[in-house]
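*Asks:* coords23.pdb is reproduced in full below (PDB, C-alpha atoms).
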```
ATOM      1  CA  MET A 886     -57.334 -93.426 150.778
ATOM      2  CA  ARG A 887     -57.391 -94.455 154.456
ATOM      3  CA  LYS A 888     -60.733 -92.742 154.894
ATOM      4  CA  VAL A 889     -62.255 -94.701 152.028
ATOM      5  CA  ILE A 890     -60.922 -98.010 153.418
ATOM      6  CA  SER A 891     -62.180 -97.158 156.929
ATOM      7  CA  ILE A 892     -65.642 -96.325 155.628
ATOM      8  CA  TYR A 893     -65.725 -99.545 153.608
ATOM      9  CA  VAL A 894     -64.673-101.665 156.623
ATOM     10  CA  ILE A 895     -67.295-100.035 158.881
ATOM     11  CA  PHE A 896     -69.997-100.544 156.231
ATOM     12  CA  ALA A 897     -69.016-104.195 155.692
ATOM     13  CA  VAL A 898     -69.024-104.971 159.423
ATOM     14  CA  LEU A 899     -72.332-103.237 160.063
ATOM     15  CA  CYS A 900     -74.041-104.890 157.092
ATOM     16  CA  SER A 901     -72.795-108.420 157.708
ATOM     17  CA  PRO A 902     -75.567-111.042 157.940
ATOM     18  CA  ALA A 903     -74.330-112.453 161.259
ATOM     19  CA  LEU A 904     -76.804-112.629 164.087
ATOM     20  CA  VAL A 905     -76.540-109.910 166.688
ATOM     21  CA  LEU A 906     -78.746-111.202 169.445
ATOM     22  CA  ASP A 907     -80.357-109.495 172.355
ATOM     23  CA  SER A 908     -79.202-111.305 175.518
ATOM     24  CA  LYS A 909     -82.660-112.862 176.025
ATOM     25  CA  LYS A 910     -83.244-114.016 172.442
ATOM     26  CA  THR A 911     -82.388-117.054 170.359
ATOM     27  CA  GLY A 912     -81.364-117.333 166.727
ATOM     28  CA  TYR A 913     -81.668-120.299 164.365
ATOM     29  CA  VAL A 914     -78.173-120.796 162.959
ATOM     30  CA  GLY A 915     -78.905-123.781 160.734
ATOM     31  CA  GLY A 916     -79.822-127.409 160.513
ATOM     32  CA  THR A 917     -82.320-129.621 158.721
ATOM     33  CA  ILE A 918     -85.542-127.740 159.500
ATOM     34  CA  ALA A 919     -87.411-127.195 156.223
ATOM     35  CA  GLY A 920     -88.929-123.752 155.866
ATOM     36  CA  LEU A 921     -86.883-122.085 158.603
ATOM     37  CA  LYS A 922     -84.235-119.718 157.253
ATOM     38  CA  GLU A 923     -80.779-119.479 158.761
ATOM     39  CA  GLY A 924     -80.459-116.275 160.765
ATOM     40  CA  THR A 925     -84.080-116.328 161.945
ATOM     41  CA  GLU A 926     -84.332-114.593 165.315
ATOM     42  CA  GLY A 927     -86.913-115.337 167.980
ATOM     43  CA  LYS A 928     -87.414-116.589 171.513
ATOM     44  CA  SER A 929     -86.876-120.086 172.796
ATOM     45  CA  SER A 930     -88.526-121.741 175.743
ATOM     46  CA  ALA A 931     -88.428-125.040 177.587
ATOM     47  CA  LEU A 932     -91.404-124.113 179.782
ATOM     48  CA  ASP A 933     -93.865-126.208 177.772
ATOM     49  CA  GLU A 934     -94.206-129.645 179.371
ATOM     50  CA  ASN A 935     -93.973-131.534 176.077
ATOM     51  CA  ASN A 936     -91.990-129.429 173.593
ATOM     52  CA  PHE A 937     -89.001-127.182 173.147
ATOM     53  CA  VAL A 938     -90.497-124.065 171.532
ATOM     54  CA  PHE A 939     -88.775-121.618 169.196
ATOM     55  CA  GLU A 940     -91.121-118.710 168.392
ATOM     56  CA  HIS A 941     -90.186-116.427 165.509
ATOM     57  CA  LYS A 942     -91.998-113.835 163.409
ATOM     58  CA  ASN A 943     -93.245-116.424 160.888
ATOM     59  CA  GLY A 944     -94.511-118.992 163.398
ATOM     60  CA  LYS A 945     -93.080-121.471 165.831
ATOM     61  CA  LEU A 946     -90.998-124.605 165.800
ATOM     62  CA  LEU A 947     -91.917-127.351 168.269
ATOM     63  CA  ILE A 948     -89.477-130.142 169.090
ATOM     64  CA  PRO A 949     -91.048-132.832 171.295
ATOM     65  CA  TYR A 950     -88.800-133.684 174.258
ATOM     66  CA  LYS A 951     -89.556-137.389 173.809
ATOM     67  CA  ASP A 952     -87.974-137.271 170.330
ATOM     68  CA  VAL A 953     -84.725-135.572 171.404
ATOM     69  CA  GLU A 954     -81.745-137.873 171.002
ATOM     70  CA  GLU A 955     -78.867-135.562 171.888
ATOM     71  CA  LEU A 956     -78.180-132.073 173.229
ATOM     72  CA  GLU A 957     -74.851-130.345 172.670
ATOM     73  CA  TYR A 958     -73.593-126.992 173.925
ATOM     74  CA  GLY A 959     -70.537-125.096 172.772
ATOM     75  CA  GLN A 960     -69.252-121.589 172.433
ATOM     76  CA  LYS A 961     -67.086-119.535 170.157
ATOM     77  CA  ALA A 962     -65.116-116.511 171.281
ATOM     78  CA  GLY A 963     -64.467-113.703 168.858
ATOM     79  CA  ARG A 964     -63.099-110.181 168.959
ATOM     80  CA  ARG A 965     -65.364-107.136 169.030
ATOM     81  CA  VAL A 966     -64.096-105.698 165.757
ATOM     82  CA  ALA A 967     -67.101-103.462 165.040
ATOM     83  CA  VAL A 968     -66.936-101.958 168.526
ATOM     84  CA  ALA A 969     -63.216-101.410 168.186
ATOM     85  CA  ILE A 970     -63.624 -99.633 164.885
ATOM     86  CA  LEU A 971     -66.513 -97.452 166.013
ATOM     87  CA  VAL A 972     -65.724 -96.734 169.655
ATOM     88  CA  SER A 973     -62.257 -97.472 170.878
ATOM     89  CA  PRO A 974     -59.224 -99.419 169.702
ATOM     90  CA  LEU A 975     -58.981-100.848 173.239
ATOM     91  CA  ALA A 976     -62.274-102.675 172.681
ATOM     92  CA  ILE A 977     -60.517-105.045 170.282
ATOM     93  CA  PHE A 978     -58.986-106.744 173.324
ATOM     94  CA  SER A 979     -62.401-107.724 174.697
ATOM     95  CA  LYS A 980     -64.096-110.941 173.619
ATOM     96  CA  LYS A 981     -67.673-111.658 172.699
ATOM     97  CA  ARG A 982     -68.801-115.209 173.229
ATOM     98  CA  LYS A 983     -71.441-116.832 171.100
ATOM     99  CA  HIS A 984     -73.331-119.696 172.694
ATOM    100  CA  TYR A 985     -74.602-122.577 170.553
ATOM    101  CA  LEU A 986     -77.122-125.291 171.363
ATOM    102  CA  THR A 987     -77.553-128.233 168.993
ATOM    103  CA  ILE A 988     -80.661-130.382 169.338
ATOM    104  CA  SER A 989     -80.648-133.715 167.506
ATOM    105  CA  TYR A 990     -84.011-135.451 167.295
ATOM    106  CA  LYS A 991     -86.295-137.681 165.196
ATOM    107  CA  ASN A 992     -89.200-136.149 163.278
ATOM    108  CA  GLU A 993     -92.687-137.710 162.991
ATOM    109  CA  ALA A 994     -91.442-139.951 160.174
ATOM    110  CA  GLY A 995     -88.561-141.216 162.329
ATOM    111  CA  LYS A 996     -85.875-139.405 160.325
ATOM    112  CA  GLY A 997     -82.946-137.762 162.071
ATOM    113  CA  GLN A 998     -83.084-133.979 162.323
ATOM    114  CA  ALA A 999     -80.804-131.346 163.820
ATOM    115  CA  ALA A1000     -81.239-127.709 164.737
ATOM    116  CA  VAL A1001     -78.457-125.359 165.824
ATOM    117  CA  PHE A1002     -79.450-122.301 167.848
ATOM    118  CA  GLU A1003     -77.428-119.367 169.102
ATOM    119  CA  LEU A1004     -78.569-118.519 172.621
ATOM    120  CA  GLY A1005     -78.460-115.070 174.178
ATOM    121  CA  LYS A1006     -76.273-114.971 177.285
ATOM    122  CA  ASP A1007     -79.213-114.497 179.682
ATOM    123  CA  VAL A1008     -81.014-117.707 178.663
ATOM    124  CA  ILE A1009     -78.150-120.215 178.565
ATOM    125  CA  ARG A1010     -78.162-121.697 182.060
ATOM    126  CA  THR A1011     -81.914-121.937 182.477
ATOM    127  CA  MET A1012     -82.358-123.342 178.976
ATOM    128  CA  LEU A1013     -79.716-126.033 179.406
ATOM    129  CA  SER A1014     -80.979-127.046 182.861
ATOM    130  CA  SER A1015     -84.578-127.140 181.667
ATOM    131  CA  LEU A1016     -83.740-129.208 178.594
ATOM    132  CA  GLU A1017     -81.808-131.754 180.668
ATOM    133  CA  ALA A1018     -84.733-132.078 183.071
ATOM    134  CA  ARG A1019     -87.437-132.268 180.374
ATOM    135  CA  THR A1020     -85.647-134.615 177.954
ATOM    136  CA  GLY A1021     -83.824-136.810 180.450
ATOM    137  CA  LYS A1022     -80.696-136.373 178.302
ATOM    138  CA  GLN A1023     -77.421-134.960 179.539
ATOM    139  CA  ILE A1024     -75.917-131.980 177.745
ATOM    140  CA  GLN A1025     -72.779-132.896 175.798
ATOM    141  CA  TYR A1026     -70.246-130.069 176.127
ATOM    142  CA  GLN A1027     -67.835-129.370 173.285
ATOM    143  CA  ASP A1028     -65.023-128.610 175.726
ATOM    144  CA  GLU A1029     -64.246-127.826 179.377
ATOM    145  CA  GLU A1030     -64.574-124.076 178.820
ATOM    146  CA  ALA A1031     -68.165-124.532 177.585
ATOM    147  CA  LYS A1032     -68.941-126.741 180.569
ATOM    148  CA  LYS A1033     -67.576-124.163 183.032
ATOM    149  CA  SER A1034     -69.493-121.367 181.333
ATOM    150  CA  ALA A1035     -72.784-123.266 181.311
ATOM    151  CA  LYS A1036     -72.486-124.332 184.945
ATOM    152  CA  GLY A1037     -71.411-120.885 186.137
ATOM    153  CA  ASN A1038     -68.097-122.024 187.626
TER     154      ASN A1038
END
```
Would you put the structure from the file into C-alpha cells?
*Replies:*
Amino acid sequence: MRKVISIYVIFAVLCSPALVLDSKKTGYVGGTIAGLKEGTEGKSSALDENNFVFEHKNGKLLIPYKDVEELEYGQKAGRRVAVAILVSPLAIFSKKRKHYLTISYKNEAGKGQAAVFELGKDVIRTMLSSLEARTGKQIQYQDEEAKKSAKGN
C-alpha cells in the first residue's frame, strides 16, 4: 500500500501545472492580458528603450514604460517536496523561493491592466533595476525580506 501511495505522490508532484522555471526565464502567472495563458513561459527583457518585452512561443507582449503605473516585487518560499521525495529526505529542509513581479499599467484605451510574472533567480536584480530606471517608478516591495533579496543585502 505504501508503494502505491508513494508512486501516486511522485506522479502528482511531477505532473503538477506549476511553473518550473530555468533561472534565466520568466513565466506569466496571471493578470488581465487577453490571449496570454497562465503558465506561459518565455524570456523577459527591459533592454528595449520604450517597452518591457515578454517573448514567448506564441509571440510577444509589449508594455510601454510610459504607461506603467506601479511595479511590485515579492517572493514566496516553499519546500522542495519533489526533490525530497525523489532524492533525499534531507532536501525537504531546503527552501525554493519564487520571485514575482507585478506590473500595473494602462492599455491603449486607458483601462487599467495588470500582469504578474514569475522571474528566474538570475534575472531579478537586473530586471528590477532596469524597470525602475526605464519607467521612473520605484519598485514597491511586499515585505522587508523581498527588499533585501532584490537589493542583494
*Asks:* I'd like the neighbourhood of range 924-934 of chain A as a compact mmCIF listing (two decimals) with C-alpha atoms, keeping the file's coordinate frame, where a residue qualifies if any of its atoms comes within 8 Å (using all atoms listed in the file), though same-chain residues fewer than 2 positions away should be ignored.
*Replies:*
```txt
# COMPACT_ATOMS: atom_id res chain seq x y z
CA PRO A 902 -75.57 -111.04 157.94
CA ALA A 903 -74.33 -112.45 161.26
CA LEU A 904 -76.80 -112.63 164.09
CA LEU A 906 -78.75 -111.20 169.44
CA LYS A 909 -82.66 -112.86 176.02
CA LYS A 910 -83.24 -114.02 172.44
CA THR A 911 -82.39 -117.05 170.36
CA GLY A 912 -81.36 -117.33 166.73
CA TYR A 913 -81.67 -120.30 164.36
CA VAL A 914 -78.17 -120.80 162.96
CA GLY A 915 -78.90 -123.78 160.73
CA LEU A 921 -86.88 -122.08 158.60
CA LYS A 922 -84.24 -119.72 157.25
CA ASN A 936 -91.99 -129.43 173.59
CA PHE A 937 -89.00 -127.18 173.15
CA VAL A 938 -90.50 -124.06 171.53
CA PHE A 939 -88.78 -121.62 169.20
CA GLU A 940 -91.12 -118.71 168.39
CA HIS A 941 -90.19 -116.43 165.51
CA LYS A 942 -92.00 -113.84 163.41
CA MET A 1012 -82.36 -123.34 178.98
CA SER A 1015 -84.58 -127.14 181.67
CA LEU A 1016 -83.74 -129.21 178.59
CA ARG A 1019 -87.44 -132.27 180.37
```
*Asks:* What does the structure give for the distance between CA of Lys1006 in chain A and CA of Gln1027 in chain A, in Å to one decimal?
*Replies:*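 Going from CA of Lys1006 in chain A over to CA of Gln1027 in chain A, I get 17.2 Å.
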*Asks:* Please write the residues picked by the PyMOL selection byres ((chain A and resi 918) around 8) on this file as a ChimeraX atom specification.
*Replies:* /A:915-917,919-921,998-1000
*Asks:* Quick one: residues within 12 Å of Glu1017 in chain A, all atoms listed in the file counted, chain neighbours fewer than 3 positions away excluded, as an MDAnalysis selection string?
*Replies:* chainID A and resid 931 937 950:951 953:958 988 1010:1014 1020:1025
*Asks:* Can you write just those residues out, C-alpha atoms, as a PDB file, in the coordinates of the input?
*Replies:*
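Result written to selection-v6.pdb:
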```pdb
ATOM      1  CA  ALA A 931     -88.428-125.040 177.587  1.00  0.00           C
ATOM      2  CA  PHE A 937     -89.001-127.182 173.147  1.00  0.00           C
ATOM      3  CA  TYR A 950     -88.800-133.684 174.258  1.00  0.00           C
ATOM      4  CA  LYS A 951     -89.556-137.389 173.809  1.00  0.00           C
ATOM      5  CA  VAL A 953     -84.725-135.572 171.404  1.00  0.00           C
ATOM      6  CA  GLU A 954     -81.745-137.873 171.002  1.00  0.00           C
ATOM      7  CA  GLU A 955     -78.867-135.562 171.888  1.00  0.00           C
ATOM      8  CA  LEU A 956     -78.180-132.073 173.229  1.00  0.00           C
ATOM      9  CA  GLU A 957     -74.851-130.345 172.670  1.00  0.00           C
ATOM     10  CA  TYR A 958     -73.593-126.992 173.925  1.00  0.00           C
ATOM     11  CA  ILE A 988     -80.661-130.382 169.338  1.00  0.00           C
ATOM     12  CA  ARG A1010     -78.162-121.697 182.060  1.00  0.00           C
ATOM     13  CA  THR A1011     -81.914-121.937 182.477  1.00  0.00           C
ATOM     14  CA  MET A1012     -82.358-123.342 178.976  1.00  0.00           C
ATOM     15  CA  LEU A1013     -79.716-126.033 179.406  1.00  0.00           C
ATOM     16  CA  SER A1014     -80.979-127.046 182.861  1.00  0.00           C
ATOM     17  CA  THR A1020     -85.647-134.615 177.954  1.00  0.00           C
ATOM     18  CA  GLY A1021     -83.824-136.810 180.450  1.00  0.00           C
ATOM     19  CA  LYS A1022     -80.696-136.373 178.302  1.00  0.00           C
ATOM     20  CA  GLN A1023     -77.421-134.960 179.539  1.00  0.00           C
ATOM     21  CA  ILE A1024     -75.917-131.980 177.745  1.00  0.00           C
ATOM     22  CA  GLN A1025     -72.779-132.896 175.798  1.00  0.00           C
TER      23      GLN A1025
END
```
*Asks:* To one decimal place, how far is CA of Asn935 in chain A from CA of Lys1032 in chain A in Å?
*Replies:* 25.9 Å
*Asks:* Using all atoms listed in the file, which of the listed residues (A:Glu1029, A:Glu993, A:Ile1009, A:Leu947) sits closest to Ser908 in chain A?
*Replies:*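 That would be A:Ile1009, the residue with the smallest distance to Ser908 in chain A.
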*Asks:* For the file shown, report as a list in words the outcome of the PyMOL selection byres ((chain A and resi 982) around 6) at residue level.
*Replies:*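 With the PyMOL selection byres ((chain A and resi 982) around 6) on this model, the match is Lys961, Ala962, Lys981 and Lys983 of chain A.
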